[in-house]
Amino acid sequence: MRREALLRELGLGPVWRLRQPAAEATVPRVPERSTDAGVSPPLTFDQPAPTDDGDDRAAAIARMGWDELKTAVADCRACGLCQARQQAVLGVGDIEADWLFVGEGPGAEEDERGEPFVGQAGKLLDAMLAAIDLKRGENVYIANAVKCRPPNNRTPEPDETAACRPYLERQIALIRPKLIVALGRPAAQTLLQSEVKIASARGRVFDFNGTPLIVTYHPAYLLRNLPDKAKAWEDLCFMRGTMKGS
Ligand code: URA
């Protein structure tokens with residue numbers, strides 16, 4: 001598809017001017033892991049205790065290679081999302097990619113096919129990638145904040161993103177991307193471990209353990225809010241500029 005056609009697909013008219021990278025990058029600190037155990041309801045899955053066991057689990061995941069990680073994610077029962085999933089969805093793409101895109105969690109089609117972003121939102125994500133000369137699988141890796149489909153595509157709960165975060169952290173450590181793009185609020189909040197509003201986080205470079213991180217709208221949001229596709233195009237240009245400057 002030619003660039004003009006892609007921009008039409010994104011619902012964009014004129015080409016937008018590239019934003020200057022924010023002079024002052026916002027670098028939120030990743031807080032220490034909580035040790036507040038709280039009161040647990042009866043569970044039918046292996047909830048990670050947020051104490052020594054939770055730390056042991058995270059430490060074990062932090063040592064895994066890709067094969068172990070694949071198996072661990074496929075067999076994971078660390079939160080309630082395991083109960084309704086067809087399969088866990090680890091991620092897809094080039095494991096040495098410069099670009100890492102992180103979404104929220106698998107939807108129905110992803111749960112069925114075992115690959116992230118294969119539904120309508122995925123089509124738009126592919127078009128967004130193509131608009132900046134990127135392609136799924138070629139120097140691009142796509143993952144999600146949670147690896148199992150939240151029932152009815154609801155937003156993952158904080159305990160679910162927390163249980164899954166060690167997997168995402170390990171993926172990032174293994175891939176060593178030059179740039180991480182958080183697609184939507186749940187992905188941004190999971191990665192930055194703080195409250196994030198997309199409108200105010202756009203156009204800034206955050207830090208994830210030394211890797212630049214940029215926040216933009218989730219493609220599913222853009223499908224419902226067509227006027228914001230123009231802002232997404234600004235964000236794509238900003239990403240490309242940030243990568244070129246890295
Ligand atoms: N939305 C996401 O956040 N991830 C997917 O994999 C699919 C839709």
# chains A, B, ... in the order shown; residues from 1 in each chain; ligands from 1
$ closest_atom_pairs --of "chain A" --to "ligand 1" --cutoff "7 Å" --atoms "only C-alpha atoms and all ligand atoms" --output "Markdown table"
| residue | atom | partner | partner_atom_place_in_ligand_line | distance |
| --- | --- | --- | --- | --- |
| A:Gly103 | CA | ligand 1 | 3 (O) | 3.7 |
| A:Glu104 | CA | ligand 1 | 3 (O) | 3.5 |
| A:Gly105 | CA | ligand 1 | 4 (N) | 4.3 |
| A:Pro106 | CA | ligand 1 | 6 (O) | 4.0 |
| A:Gly107 | CA | ligand 1 | 7 (C) | 5.1 |
| A:Glu110 | CA | ligand 1 | 6 (O) | 5.8 |
| A:Glu115 | CA | ligand 1 | 6 (O) | 6.8 |
| A:Pro116 | CA | ligand 1 | 6 (O) | 3.4 |
| A:Phe117 | CA | ligand 1 | 6 (O) | 3.8 |
| A:Val118 | CA | ligand 1 | 7 (C) | 6.6 |
| A:Gly119 | CA | ligand 1 | 7 (C) | 6.6 |
| A:Ala121 | CA | ligand 1 | 8 (C) | 5.8 |
| A:Gly122 | CA | ligand 1 | 7 (C) | 6.3 |
| A:Asn144 | CA | ligand 1 | 4 (N) | 5.7 |
| A:Ala220 | CA | ligand 1 | 1 (N) | 6.7 |
$ residues_around --residues "Asp126 in chain A" --least-positions-apart "3" --cutoff "8 Å" --atoms "only C-alpha atoms" --output "PyMOL selection string"
chain A and resi 122-123+129-130+135-136
$ atom_distance --atom1 "CA of Gly65 in chain A" --atom2 "CA of Ala163 in chain A"
18.7 Å
$ closest_residue --among "A:Ala58, A:Gln83, A:Glu96, A:Ala74" --to "Leu174 in chain A" --atoms "only C-alpha atoms"
A:Glu96
$ residues_around --residues "Trp66 in chain A" --least-positions-apart "6" --cutoff "12 Å" --atoms "only C-alpha atoms" --output "ChimeraX atom specification"
/A:72-73,90-91,95-96,167-168,170-175
$ atom_distance --atom1 "CA of Asn209 in chain A" --atom2 "CA of Asp75 in chain A"
27.5 Å
